[in-house]
file start00.cif (mmCIF, C-alpha atoms and all ligand atoms)
data_model
#
loop_
_atom_site.label_atom_id
_atom_site.label_comp_id
_atom_site.auth_asym_id
_atom_site.auth_seq_id
_atom_site.Cartn_x
_atom_site.Cartn_y
_atom_site.Cartn_z
CA GLU A 89 30.31 32.33 -7.67
CA SER A 90 31.06 31.89 -11.38
CA ILE A 91 32.71 28.67 -10.19
CA ILE A 92 29.20 27.31 -9.54
CA GLY A 93 28.17 28.47 -13.02
CA ALA A 94 31.11 26.64 -14.59
CA ARG A 95 30.34 23.48 -12.59
CA LYS A 96 26.70 23.58 -13.72
CA ALA A 97 27.73 23.91 -17.36
CA ASP A 98 30.17 20.99 -16.96
CA HIS A 99 27.47 18.87 -15.32
CA ILE A 100 24.96 19.48 -18.08
CA ALA A 101 27.48 18.79 -20.85
CA LEU A 102 28.84 15.62 -19.20
CA CYS A 103 25.42 14.15 -18.35
CA ALA A 104 24.09 14.90 -21.81
CA SER A 105 27.14 13.28 -23.44
CA GLY A 106 26.40 9.81 -22.04
CA LYS A 107 30.04 9.49 -20.87
CA VAL A 108 29.15 9.37 -17.19
CA GLU A 109 26.72 6.47 -16.98
CA PHE A 110 27.52 3.54 -14.70
CA ARG A 111 30.00 1.23 -16.46
CA GLY A 112 29.76 -2.29 -15.11
CA LYS A 113 26.66 -2.09 -12.93
CA GLY A 114 23.06 -1.78 -14.06
CA THR A 115 19.78 -0.88 -12.36
CA LEU A 116 18.75 -4.59 -12.14
CA LEU A 117 15.36 -3.52 -13.47
CA ASP A 118 16.13 -5.97 -16.29
CA GLU A 119 15.78 -8.70 -13.65
CA VAL A 120 12.12 -7.84 -13.13
CA HIS A 121 10.16 -9.97 -15.60
CA LEU A 122 6.47 -9.21 -15.77
CA VAL A 123 4.10 -11.97 -16.77
CA HIS A 124 2.31 -11.49 -20.07
CA ASP A 125 -1.51 -11.55 -20.17
CA ALA A 126 -2.68 -12.81 -23.58
CA LEU A 127 -6.32 -12.09 -22.81
CA PRO A 128 -6.50 -8.51 -21.53
CA ASP A 129 -10.23 -7.84 -21.23
CA ARG A 130 -10.20 -4.04 -21.57
CA HIS A 131 -9.58 -1.14 -23.95
CA LEU A 132 -6.03 0.25 -23.90
CA ASP A 133 -7.43 3.75 -23.32
CA ALA A 134 -9.21 2.57 -20.16
CA ILE A 135 -5.92 2.02 -18.33
CA ASP A 136 -5.86 4.42 -15.38
CA LEU A 137 -2.40 5.85 -14.92
CA GLY A 138 -3.52 8.48 -12.38
CA THR A 139 -1.29 8.51 -9.30
CA THR A 140 -1.22 10.45 -6.04
CA LEU A 141 2.23 11.66 -5.05
CA LEU A 142 2.93 14.03 -2.14
CA GLY A 143 -0.75 14.82 -1.89
CA ARG A 144 -1.04 15.86 -5.54
CA ARG A 145 -2.62 14.08 -8.46
CA LEU A 146 -0.43 13.11 -11.44
CA ALA A 147 -1.86 12.00 -14.80
CA ALA A 148 0.84 9.29 -14.92
CA PRO A 149 3.44 8.00 -12.44
CA VAL A 150 6.39 9.86 -13.95
CA VAL A 151 8.70 12.46 -12.41
CA VAL A 152 11.24 14.60 -14.25
CA SER A 153 14.01 14.44 -11.65
CA GLY A 154 15.81 17.55 -10.44
CA MET A 155 18.79 18.63 -12.49
CA THR A 156 19.67 22.24 -12.74
CA GLY A 157 19.36 25.96 -12.10
CA GLY A 158 21.65 28.94 -11.69
CA THR A 159 22.69 29.72 -15.28
CA PRO A 160 20.86 31.03 -18.38
CA GLU A 161 21.18 27.59 -19.99
CA ALA A 162 19.69 26.03 -16.84
CA ARG A 163 16.78 28.44 -16.99
CA ALA A 164 15.88 27.30 -20.51
CA ILE A 165 16.14 23.64 -19.48
CA ASN A 166 14.00 24.11 -16.37
CA ARG A 167 11.32 25.98 -18.29
CA ASP A 168 11.14 23.53 -21.21
CA LEU A 169 10.97 20.51 -18.89
CA ALA A 170 8.51 22.07 -16.46
CA ARG A 171 6.24 23.05 -19.34
CA ALA A 172 6.37 19.51 -20.77
CA ALA A 173 5.56 18.10 -17.30
CA GLU A 174 2.63 20.51 -17.03
CA THR A 175 1.27 19.50 -20.46
CA LEU A 176 1.34 15.81 -19.55
CA GLY A 177 0.33 16.11 -15.89
CA LEU A 178 3.69 14.83 -14.58
CA ALA A 179 5.91 16.02 -11.72
CA PHE A 180 8.94 18.26 -12.23
CA GLY A 181 12.01 18.66 -10.02
CA LEU A 182 14.29 21.69 -9.91
CA GLY A 183 18.04 21.22 -9.50
CA SER A 184 19.90 22.21 -6.35
CA GLN A 185 18.85 25.67 -5.25
CA ARG A 186 22.25 26.28 -3.70
CA ALA A 187 23.14 28.74 -6.47
CA MET A 188 20.04 30.71 -5.53
CA VAL A 189 21.18 30.87 -1.90
CA LEU A 190 24.65 32.11 -2.84
CA ARG A 191 23.46 34.43 -5.61
CA PRO A 192 19.86 35.60 -5.24
CA ASP A 193 20.04 37.15 -8.72
CA THR A 194 19.87 33.62 -10.20
CA ALA A 195 16.34 33.09 -8.79
CA ALA A 196 14.81 33.64 -12.24
CA THR A 197 16.61 30.51 -13.52
CA TYR A 198 14.43 28.43 -11.15
CA ALA A 199 11.16 30.21 -11.91
CA VAL A 200 8.79 27.77 -13.61
CA ARG A 201 5.41 28.44 -12.01
CA ASP A 202 4.28 30.69 -14.86
CA VAL A 203 4.76 27.81 -17.34
CA ALA A 204 3.77 25.04 -14.90
CA PRO A 205 0.96 26.49 -12.78
CA THR A 206 -0.54 23.14 -11.72
CA ALA A 207 2.32 20.62 -11.99
CA LEU A 208 3.77 19.04 -8.86
CA VAL A 209 7.02 21.03 -8.52
CA LEU A 210 9.85 19.83 -6.28
CA GLY A 211 12.44 22.18 -4.79
CA ASN A 212 15.96 20.86 -4.10
CA ILE A 213 18.83 21.43 -1.69
CA GLY A 214 21.77 19.36 -0.45
CA LEU A 215 21.65 18.02 3.10
CA VAL A 216 25.01 19.56 3.91
CA GLN A 217 23.81 23.00 2.72
CA ALA A 218 20.52 22.58 4.58
CA ARG A 219 22.46 21.94 7.78
CA GLU A 220 24.05 25.38 7.51
CA MET A 221 20.74 27.15 6.81
CA SER A 222 17.96 28.26 9.14
CA SER A 223 14.54 26.72 8.73
CA ALA A 224 13.20 30.18 7.85
CA SER A 225 15.65 30.50 4.92
CA LEU A 226 14.75 27.03 3.70
CA ARG A 227 11.09 27.89 3.89
CA GLU A 228 11.80 30.99 1.77
CA LEU A 229 13.67 28.86 -0.74
CA VAL A 230 10.61 26.64 -1.19
CA ASP A 231 8.19 29.56 -1.33
CA ALA A 232 10.32 31.53 -3.80
CA VAL A 233 9.83 28.85 -6.46
CA GLY A 234 6.32 27.84 -5.43
CA ALA A 235 7.40 24.24 -4.79
CA ASP A 236 5.00 21.65 -3.37
CA ALA A 237 7.77 19.75 -1.59
CA LEU A 238 11.52 19.99 -0.96
CA CYS A 239 13.92 17.28 -2.09
CA VAL A 240 16.88 17.12 0.27
CA HIS A 241 19.65 15.34 -1.61
CA LEU A 242 22.22 13.06 -0.02
CA ASN A 243 25.45 12.64 -1.99
CA PRO A 244 28.35 11.56 0.23
CA ALA A 245 30.09 9.51 -2.48
CA MET A 246 30.05 12.37 -4.96
CA GLU A 247 31.30 14.85 -2.37
CA LEU A 248 34.35 12.67 -1.66
CA ILE A 249 35.40 12.92 -5.31
CA GLN A 250 34.42 16.53 -5.95
CA PRO A 251 37.44 18.84 -5.66
CA GLY A 252 36.85 20.80 -2.45
CA GLY A 253 33.80 18.67 -1.65
CA ASP A 254 32.38 18.20 1.84
CA ARG A 255 34.01 15.82 4.28
CA ASP A 256 31.87 16.43 7.35
CA PHE A 257 28.51 14.68 7.24
CA ARG A 258 27.69 14.74 10.95
CA GLY A 259 24.19 15.46 12.19
CA GLY A 260 22.33 14.69 8.94
CA LEU A 261 19.41 12.88 10.50
CA ALA A 262 18.86 15.70 13.01
CA VAL A 263 18.75 18.21 10.13
CA LEU A 264 16.07 16.15 8.40
CA GLU A 265 14.12 15.94 11.65
CA ARG A 266 14.27 19.73 11.99
CA LEU A 267 13.05 20.23 8.42
CA VAL A 268 10.16 17.81 8.84
CA ARG A 269 9.16 19.77 11.94
CA ASP A 270 9.71 23.32 10.64
CA LEU A 271 8.70 23.25 6.96
CA PRO A 272 5.04 23.45 6.00
CA LYS A 273 5.72 21.33 2.88
CA PRO A 274 6.76 17.67 2.71
CA ILE A 275 10.43 16.65 2.55
CA VAL A 276 11.62 14.09 0.01
CA VAL A 277 14.88 12.41 0.96
CA LYS A 278 16.74 11.89 -2.30
CA GLU A 279 20.01 10.23 -3.27
CA THR A 280 21.83 11.23 -6.43
CA GLY A 281 22.80 7.90 -7.99
CA CYS A 282 23.94 5.60 -5.16
CA GLY A 283 20.57 4.45 -3.81
CA ILE A 284 18.93 4.35 -0.38
CA SER A 285 19.39 1.31 1.86
CA ARG A 286 16.68 -0.16 4.07
CA ARG A 287 18.50 1.08 7.17
CA VAL A 288 18.56 4.68 5.93
CA ALA A 289 14.95 4.52 4.78
CA ARG A 290 13.82 3.26 8.20
CA ALA A 291 15.83 5.93 9.99
CA VAL A 292 14.29 8.78 8.00
CA ARG A 293 10.83 7.27 8.20
CA ASP A 294 11.14 7.07 11.97
CA ILE A 295 11.75 10.84 12.19
CA GLY A 296 8.67 11.60 10.09
CA VAL A 297 9.83 11.61 6.44
CA THR A 298 7.10 10.17 4.19
CA ALA A 299 8.75 10.15 0.75
CA ILE A 300 12.05 8.91 -0.68
CA ASP A 301 13.59 9.22 -4.13
CA VAL A 302 16.02 6.29 -4.20
CA SER A 303 18.13 7.61 -7.10
CA GLY A 304 19.92 4.32 -7.32
CA ALA A 305 22.84 2.94 -9.31
CA GLY A 306 22.64 2.09 -12.99
CA GLY A 307 22.03 5.41 -14.74
CA THR A 308 23.95 8.65 -14.34
CA SER A 309 26.98 8.16 -12.06
CA TRP A 310 27.58 11.33 -10.06
CA VAL A 311 30.85 9.89 -8.89
CA GLY A 312 31.59 9.61 -12.61
CA VAL A 313 30.62 13.22 -13.22
CA GLU A 314 32.97 14.47 -10.51
CA THR A 315 35.70 12.04 -11.58
CA GLU A 316 35.73 13.64 -15.01
CA ARG A 317 36.28 17.01 -13.32
CA ALA A 318 38.81 15.84 -10.71
CA ARG A 319 42.62 15.48 -10.86
CA GLY A 320 45.20 13.39 -9.02
CA GLU A 321 44.21 11.28 -6.07
CA GLU A 322 40.53 12.21 -6.17
CA ARG A 323 40.35 11.23 -9.80
CA GLN A 324 41.91 7.87 -8.99
CA LEU A 325 39.42 7.21 -6.20
CA GLY A 326 36.63 8.35 -8.51
CA GLU A 327 37.63 5.75 -11.10
CA GLU A 328 37.55 3.13 -8.36
CA LEU A 329 34.14 4.21 -7.03
CA TRP A 330 32.54 4.99 -10.42
CA ASP A 331 30.06 2.10 -10.03
CA TRP A 332 29.51 2.46 -6.27
CA GLY A 333 25.93 2.16 -5.10
CA ILE A 334 22.75 0.13 -4.66
CA PRO A 335 21.09 -0.74 -7.98
CA THR A 336 17.82 1.14 -8.40
CA ALA A 337 15.65 -2.00 -8.51
CA ALA A 338 17.29 -3.33 -5.32
CA SER A 339 16.83 -0.05 -3.48
CA VAL A 340 13.14 0.14 -4.41
CA GLY A 341 12.53 -3.49 -3.47
CA LEU A 342 14.35 -3.11 -0.16
CA ILE A 343 12.21 -0.22 1.06
CA ALA A 344 8.87 -0.95 -0.63
CA ASP A 345 7.14 -2.29 2.50
CA LEU A 346 8.03 0.60 4.82
CA GLY A 347 4.89 2.62 4.14
CA LEU A 348 6.75 5.39 2.29
CA GLU A 349 6.01 6.99 -1.06
CA VAL A 350 8.91 5.87 -3.23
CA ILE A 351 10.14 7.59 -6.37
CA ALA A 352 12.34 5.21 -8.36
CA THR A 353 15.04 7.23 -10.13
CA GLY A 354 18.43 6.15 -11.52
CA GLY A 355 18.80 4.58 -14.94
CA LEU A 356 15.12 4.49 -15.95
CA ARG A 357 15.07 5.05 -19.69
CA ASN A 358 11.59 4.10 -20.94
CA GLY A 359 8.09 3.03 -19.95
CA SER A 360 9.15 -0.58 -19.29
CA ASP A 361 11.60 0.61 -16.66
CA VAL A 362 8.91 2.71 -14.97
CA VAL A 363 6.46 -0.22 -14.95
CA ARG A 364 9.07 -2.59 -13.52
CA ALA A 365 9.83 -0.11 -10.74
CA LEU A 366 6.10 0.14 -9.94
CA ALA A 367 5.86 -3.65 -9.84
CA LEU A 368 8.58 -3.58 -7.16
CA GLY A 369 6.49 -1.15 -5.12
CA ALA A 370 7.49 2.33 -6.29
CA THR A 371 4.83 5.06 -6.42
CA ALA A 372 6.38 6.71 -9.49
CA GLY A 373 9.44 6.49 -11.73
CA GLY A 374 11.86 9.39 -12.14
CA LEU A 375 14.05 10.22 -15.13
CA ALA A 376 16.81 12.82 -15.36
CA ALA A 377 19.55 12.46 -18.00
CA PRO A 378 17.32 11.04 -20.79
CA VAL A 379 14.94 14.00 -20.51
CA LEU A 380 17.89 16.38 -20.61
CA ARG A 381 19.17 14.68 -23.77
CA ALA A 382 15.76 15.00 -25.41
CA GLN A 383 15.67 18.71 -24.56
CA ARG A 384 19.18 19.26 -25.88
CA ALA A 385 18.86 17.25 -29.10
CA PRO A 386 20.43 19.40 -31.85
CA GLU A 387 17.34 18.95 -33.97
CA GLY A 388 13.83 18.73 -32.55
CA GLY A 389 14.92 19.40 -28.96
CA GLY A 390 13.66 22.08 -26.62
CA TYR A 391 10.15 21.88 -25.18
CA GLU A 392 8.88 19.83 -28.12
CA GLY A 393 11.74 17.34 -27.83
CA ALA A 394 11.24 16.88 -24.10
CA LEU A 395 7.48 16.58 -24.59
CA ALA A 396 7.82 13.94 -27.31
CA PHE A 397 10.20 11.88 -25.17
CA LEU A 398 7.98 12.05 -22.09
CA ARG A 399 4.93 11.16 -24.21
CA TYR A 400 6.80 8.09 -25.40
CA VAL A 401 7.59 7.10 -21.81
CA VAL A 402 3.98 7.53 -20.66
CA SER A 403 2.64 5.66 -23.65
CA GLY A 404 5.05 2.83 -22.87
CA VAL A 405 3.80 2.74 -19.28
CA ARG A 406 0.24 2.47 -20.59
CA SER A 407 1.00 -0.29 -23.10
CA ILE A 408 3.00 -2.43 -20.72
CA THR A 409 0.51 -2.03 -17.87
CA PHE A 410 -2.11 -3.24 -20.33
CA LEU A 411 -0.03 -6.27 -21.36
CA THR A 412 0.34 -7.35 -17.73
CA GLY A 413 -3.45 -7.49 -17.46
CA CYS A 414 -3.50 -4.64 -14.92
CA GLY A 415 -6.13 -1.90 -15.16
CA SER A 416 -4.15 0.80 -13.37
CA SER A 417 -0.67 1.79 -12.34
CA ALA A 418 -1.68 1.09 -8.73
CA ALA A 419 -2.55 -2.52 -9.62
CA LEU A 420 1.01 -3.12 -10.84
CA ARG A 421 2.17 -3.38 -7.24
CA SER A 422 0.58 -6.82 -7.05
CA ALA A 423 1.21 -7.88 -10.66
CA PRO A 424 2.84 -11.30 -10.98
CA ARG A 425 6.57 -11.01 -11.65
CA VAL A 426 9.66 -13.15 -11.78
CA LEU A 427 12.86 -11.77 -10.27
CA GLY A 428 16.33 -12.67 -11.49
CA PRO A 429 19.10 -14.03 -9.24
CA ALA A 430 21.17 -10.89 -8.69
CA LEU A 431 18.12 -8.85 -7.66
CA ARG A 432 16.92 -11.65 -5.40
CA ALA A 433 20.32 -11.75 -3.72
CA TRP A 434 20.21 -8.00 -3.07
CA LEU A 435 16.69 -8.22 -1.66
CA LEU A 436 17.66 -11.06 0.68
CA ASP A 437 21.15 -10.10 1.79
CA ALA A 438 20.85 -6.30 2.03
CA ARG A 439 17.86 -6.35 4.37
C1 LIG B 501 21.26 15.66 -11.62
N1 LIG B 501 20.84 15.14 -10.39
C2 LIG B 501 20.62 16.02 -9.33
N2 LIG B 501 20.00 15.59 -8.19
C3 LIG B 501 19.72 16.46 -7.18
O1 LIG B 501 19.11 16.05 -6.20
N3 LIG B 501 20.12 17.77 -7.26
C4 LIG B 501 20.76 18.26 -8.36
O2 LIG B 501 21.10 19.45 -8.40
C5 LIG B 501 21.02 17.37 -9.44
N4 LIG B 501 21.66 17.80 -10.59
C6 LIG B 501 21.70 17.00 -11.70
C7 LIG B 501 22.14 17.51 -12.92
C8 LIG B 501 22.12 16.74 -14.08
C9 LIG B 501 22.56 17.33 -15.37
C10 LIG B 501 21.66 15.38 -14.00
C11 LIG B 501 21.61 14.50 -15.21
C12 LIG B 501 21.26 14.87 -12.79
C13 LIG B 501 20.56 13.70 -10.20
C14 LIG B 501 19.25 13.26 -10.79
O3 LIG B 501 18.15 13.87 -10.16
C15 LIG B 501 19.09 11.73 -10.71
O4 LIG B 501 18.96 11.34 -9.37
C16 LIG B 501 20.25 10.95 -11.32
O5 LIG B 501 20.76 11.63 -12.45
C17 LIG B 501 19.86 9.54 -11.75
O6 LIG B 501 18.86 9.56 -12.76
P1 LIG B 501 19.19 9.31 -14.32
O7 LIG B 501 19.99 10.48 -14.80
O8 LIG B 501 19.96 8.03 -14.42
O9 LIG B 501 17.83 9.24 -14.98
#
call {"tool": "encode", "arguments": {"input": "start00.cif", "output": "structure tokens"}}
result
Amino acid sequence: ESIIGARKADHIALCASGKVEFRGKGTLLDEVHLVHDALPDRHLDAIDLGTTLLGRRLAAPVVVSGMTGGTPEARAINRDLARAAETLGLAFGLGSQRAMVLRPDTAATYAVRDVAPTALVLGNIGLVQAREMSSASLRELVDAVGADALCVHLNPAMELIQPGGDRDFRGGLAVLERLVRDLPKPIVVKETGCGISRRVARAVRDIGVTAIDVSGAGGTSWVGVETERARGEERQLGEELWDWGIPTAASVGLIADLGLEVIATGGLRNGSDVVRALALGATAGGLAAPVLRAQRAPEGGGYEGALAFLRYVVSGVRSITFLTGCGSSAALRSAPRVLGPALRAWLLDAR
């Protein structure tokens, strides 16, 4: 049990340090070039960033992606980030609620509804854990935190590197089908840094899933995180697979026409990245590690630090939307853009 606590502390420290980003592979969002409009006929403040995600209204298309829970430090992070999301009208994701299943006394570290009464809050559980749980228990997990939806995270690459990680991934699609059927709240199928292919997106769409968080390659490498914690053979494989995955921009572009709500997470670091993801067809952009770093900054961190960083992201989204000549975040989907060769190759060959 305290093993989970130690892992969580390791995860937070490693992700905040910047040592576990992808090394030789980027998001390919830098290959999305938006066309400048020199004659934008509107006031900057008239840009409409309002977005509907999972049936809820966001003030801007930005999600604080799920990170943590289970320890006192995690509680402070969750509360600061949820409060900042509430202030700005953004969405907030909790980290894996597995700790809460194993140790119900950690529930308070996931409690954010008192500081985020109206924000879109996302619960979180791993697919492999969900497989071992009854639908009734999963429903309780969602209700206990007052979540509007449940992210079910897929992380096979990370599990292969994690000491004692899972090796048996059978029956995943059937578990998702059961959850779609049995839970009163929507399910978001979420990767954790390796991206979602078109084949996987179609498969989950065909069993009734309506939202995907691609969590693609180019930002935090969860293989990297577990590699830093592994020894011996697993560490060696981790070094080899550090950059494994579908770049975030490619993943978004590959699934954009499937009629799903798409959250683009993985390596987004500012408003430009969010706007480029929206131009590829995403509904919203998600950020994890950079928000954590803002909250943990030795000076000016905490709630204020997270708030200031998220304000900067949203203001960037507004400015860049304006410079493309679009009047709303929704209009970005059809904004003119030029795609670079590597992204084009992914979009053609990975279909
Ligand atoms: C994460 N991430 C994550 N994802 C998930 O579904 N459940 C989880 O418990 C966690 N835990 C977690 C902890 C920390 C400290 C970080 C930084 C991240 C993954 C996260 O939601 C996101 O998909 C990836 O980190 C990629 O986004 P960034 O970090 O590149 O913006």
call {"tool": "residues_near_ligand", "arguments": {"input": "start00.cif", "ligand": "ligand LIG 501 (chain B)", "cutoff": "7 Å", "atoms": "all atoms listed in the file", "output": "PyMOL selection string"}}
result
chain A and resi 99-100+103+153-156+183-184+212-213+239-241+278-281+303-304+306-308+353-357+374-378+380
call {"tool": "atom_distance", "arguments": {"input": "start00.cif", "atom1": "atom CA of Leu242 of chain A", "atom2": "atom CA of Asp270 of chain A"}}
result
19.4 Å
call {"tool": "closest_residue", "arguments": {"input": "start00.cif", "among": "A:Ala299, A:Leu436, A:Ala367, A:Met221", "to": "Val405 of chain A", "atoms": "all atoms listed in the file"}}
result
A:Ala367
call {"tool": "residues_near_point", "arguments": {"input": "start00.cif", "point": "(25.1, 25.3, -5.2)", "cutoff": "10 Å", "atoms": "only C-alpha atoms", "output": "list in words"}}
result
Glu89, Ile91, Ile92, Gly93, Arg95, Lys96, Thr156, Gly157, Gly158, Gly183, Ser184, Gln185, Arg186, Ala187, Met188, Val189, Leu190, Arg191, Ile213, Gly214 and Gln217 of chain A
call {"tool": "atom_distance", "arguments": {"input": "start00.cif", "atom1": "atom CA of Gly177 of chain A", "atom2": "atom CA of Leu208 of chain A"}}
result
8.4 Å
call {"tool": "closest_residue", "arguments": {"input": "start00.cif", "among": "A:Ala162, A:Leu368, A:Val288, A:Ala235", "to": "Ser417 of chain A", "atoms": "only C-alpha atoms"}}
result
A:Leu368
call {"tool": "residues_around", "arguments": {"input": "start00.cif", "residues": "His121 of chain A", "least_positions_apart": "6", "cutoff": "9 Å", "atoms": "only C-alpha atoms", "output": "list in words"}}
result
Arg364, Pro424, Arg425, Val426, Leu427 and Gly428 of chain A
call {"tool": "closest_residue", "arguments": {"input": "start00.cif", "among": "A:Glu322, A:Ala337, A:Arg406, A:Thr315", "to": "Ala430 of chain A", "atoms": "all atoms listed in the file"}}
result
A:Ala337
call {"tool": "residues_around", "arguments": {"input": "start00.cif", "residues": "Arg290 of chain A", "least_positions_apart": "5", "cutoff": "12 Å", "atoms": "only C-alpha atoms", "output": "PyMOL selection string"}}
result
chain A and resi 261+277+284-285+295-300+342-348+439
call {"tool": "residues_around", "arguments": {"input": "start00.cif", "residues": "Arg201 of chain A", "least_positions_apart": "5", "cutoff": "8 Å", "atoms": "all atoms listed in the file", "output": "list of chain:residue names"}}
result
A:Thr206, A:Val233, A:Gly234
call {"tool": "atom_distance", "arguments": {"input": "start00.cif", "atom1": "atom CA of Val292 of chain A", "atom2": "atom CA of Leu267 of chain A"}}
result
11.5 Å
call {"tool": "residues_near_point", "arguments": {"input": "start00.cif", "point": "(11.3, 4.8, -25.2)", "cutoff": "8 Å", "atoms": "all atoms listed in the file", "output": "list in words"}}
result
Arg357, Asn358, Gly359, Phe397, Tyr400, Val401 and Gly404 of chain A
call {"tool": "write_last_selection", "arguments": {"input": "start00.cif", "atoms": "C-alpha atoms", "output": "PDB file, in the frame of the given file"}}
result
ATOM      1  CA  ARG A 357      15.070   5.050 -19.690  1.00  0.00           C
ATOM      2  CA  ASN A 358      11.590   4.100 -20.940  1.00  0.00           C
ATOM      3  CA  GLY A 359       8.090   3.030 -19.950  1.00  0.00           C
ATOM      4  CA  PHE A 397      10.200  11.880 -25.170  1.00  0.00           C
ATOM      5  CA  TYR A 400       6.800   8.090 -25.400  1.00  0.00           C
ATOM      6  CA  VAL A 401       7.590   7.100 -21.810  1.00  0.00           C
ATOM      7  CA  GLY A 404       5.050   2.830 -22.870  1.00  0.00           C
TER       8      GLY A 404
END
call {"tool": "closest_residue", "arguments": {"input": "start00.cif", "among": "A:Gly389, A:Pro274, A:Gly341, A:Gly312", "to": "Glu109 of chain A", "atoms": "all atoms listed in the file"}}
result
A:Gly312
call {"tool": "closest_residue", "arguments": {"input": "start00.cif", "among": "A:Ala394, A:Ala195, A:Glu265, A:Arg111", "to": "Asp231 of chain A", "atoms": "only C-alpha atoms"}}
result
A:Ala195
call {"tool": "residues_around", "arguments": {"input": "start00.cif", "residues": "Val340 of chain A", "least_positions_apart": "6", "cutoff": "7 Å", "atoms": "only C-alpha atoms", "output": "ChimeraX atom specification"}}
result
/A:302,352,368-370
call {"tool": "axis_aligned_box", "arguments": {"input": "start00.cif", "around": "segment 178-191 of chain A", "padding_each_side": "8 Å", "output": "lines of an AutoDock Vina configuration file"}}
result
center_x = 14.2
center_y = 24.6
center_z = -8.2
size_x = 37.0
size_y = 35.6
size_z = 28.7
call {"tool": "closest_residue", "arguments": {"input": "start00.cif", "among": "A:Thr139, A:Ala245, A:Ala94, A:Arg381", "to": "Glu328 of chain A", "atoms": "all atoms listed in the file"}}
result
A:Ala245
call {"tool": "build_atoms", "arguments": {"input": "start00.cif", "residues": "segment 355-367 of chain A", "atoms": "N, CA, C and O atoms", "output": "mmCIF file, keeping the file's coordinate frame"}}
result
data_model
loop_
_atom_site.group_PDB
_atom_site.id
_atom_site.type_symbol
_atom_site.label_atom_id
_atom_site.label_comp_id
_atom_site.auth_asym_id
_atom_site.auth_seq_id
_atom_site.Cartn_x
_atom_site.Cartn_y
_atom_site.Cartn_z
ATOM 1 N N GLY A 355 18.683 5.533 -13.847
ATOM 2 C CA GLY A 355 18.800 4.580 -14.940
ATOM 3 C C GLY A 355 17.493 4.175 -15.592
ATOM 4 O O GLY A 355 17.497 3.284 -16.445
ATOM 5 N N LEU A 356 16.373 4.785 -15.232
ATOM 6 C CA LEU A 356 15.120 4.490 -15.950
ATOM 7 C C LEU A 356 15.193 5.197 -17.296
ATOM 8 O O LEU A 356 15.544 6.383 -17.369
ATOM 9 N N ARG A 357 14.888 4.469 -18.360
ATOM 10 C CA ARG A 357 15.070 5.050 -19.690
ATOM 11 C C ARG A 357 13.842 4.962 -20.576
ATOM 12 O O ARG A 357 13.821 5.488 -21.679
ATOM 13 N N ASN A 358 12.805 4.247 -20.127
ATOM 14 C CA ASN A 358 11.590 4.100 -20.940
ATOM 15 C C ASN A 358 10.431 3.636 -20.053
ATOM 16 O O ASN A 358 10.601 3.450 -18.856
ATOM 17 N N GLY A 359 9.283 3.440 -20.692
ATOM 18 C CA GLY A 359 8.090 3.030 -19.950
ATOM 19 C C GLY A 359 8.251 1.676 -19.272
ATOM 20 O O GLY A 359 7.745 1.474 -18.165
ATOM 21 N N SER A 360 8.959 0.738 -19.921
ATOM 22 C CA SER A 360 9.150 -0.580 -19.290
ATOM 23 C C SER A 360 9.857 -0.435 -17.952
ATOM 24 O O SER A 360 9.512 -1.117 -16.981
ATOM 25 N N ASP A 361 10.868 0.423 -17.915
ATOM 26 C CA ASP A 361 11.600 0.610 -16.660
ATOM 27 C C ASP A 361 10.682 1.168 -15.578
ATOM 28 O O ASP A 361 10.737 0.750 -14.417
ATOM 29 N N VAL A 362 9.833 2.129 -15.954
ATOM 30 C CA VAL A 362 8.910 2.710 -14.970
ATOM 31 C C VAL A 362 7.978 1.628 -14.449
ATOM 32 O O VAL A 362 7.779 1.480 -13.241
ATOM 33 N N VAL A 363 7.410 0.826 -15.358
ATOM 34 C CA VAL A 363 6.460 -0.220 -14.950
ATOM 35 C C VAL A 363 7.146 -1.242 -14.039
ATOM 36 O O VAL A 363 6.579 -1.676 -13.035
ATOM 37 N N ARG A 364 8.368 -1.619 -14.362
ATOM 38 C CA ARG A 364 9.070 -2.590 -13.520
ATOM 39 C C ARG A 364 9.334 -2.034 -12.128
ATOM 40 O O ARG A 364 9.233 -2.757 -11.128
ATOM 41 N N ALA A 365 9.635 -0.739 -12.059
ATOM 42 C CA ALA A 365 9.830 -0.110 -10.740
ATOM 43 C C ALA A 365 8.518 -0.116 -9.954
ATOM 44 O O ALA A 365 8.504 -0.368 -8.744
ATOM 45 N N LEU A 366 7.401 0.144 -10.635
ATOM 46 C CA LEU A 366 6.100 0.140 -9.940
ATOM 47 C C LEU A 366 5.777 -1.268 -9.451
ATOM 48 O O LEU A 366 5.224 -1.437 -8.364
ATOM 49 N N ALA A 367 6.132 -2.267 -10.238
ATOM 50 C CA ALA A 367 5.860 -3.650 -9.840
ATOM 51 C C ALA A 367 6.660 -4.017 -8.584
ATOM 52 O O ALA A 367 6.262 -4.890 -7.812
#
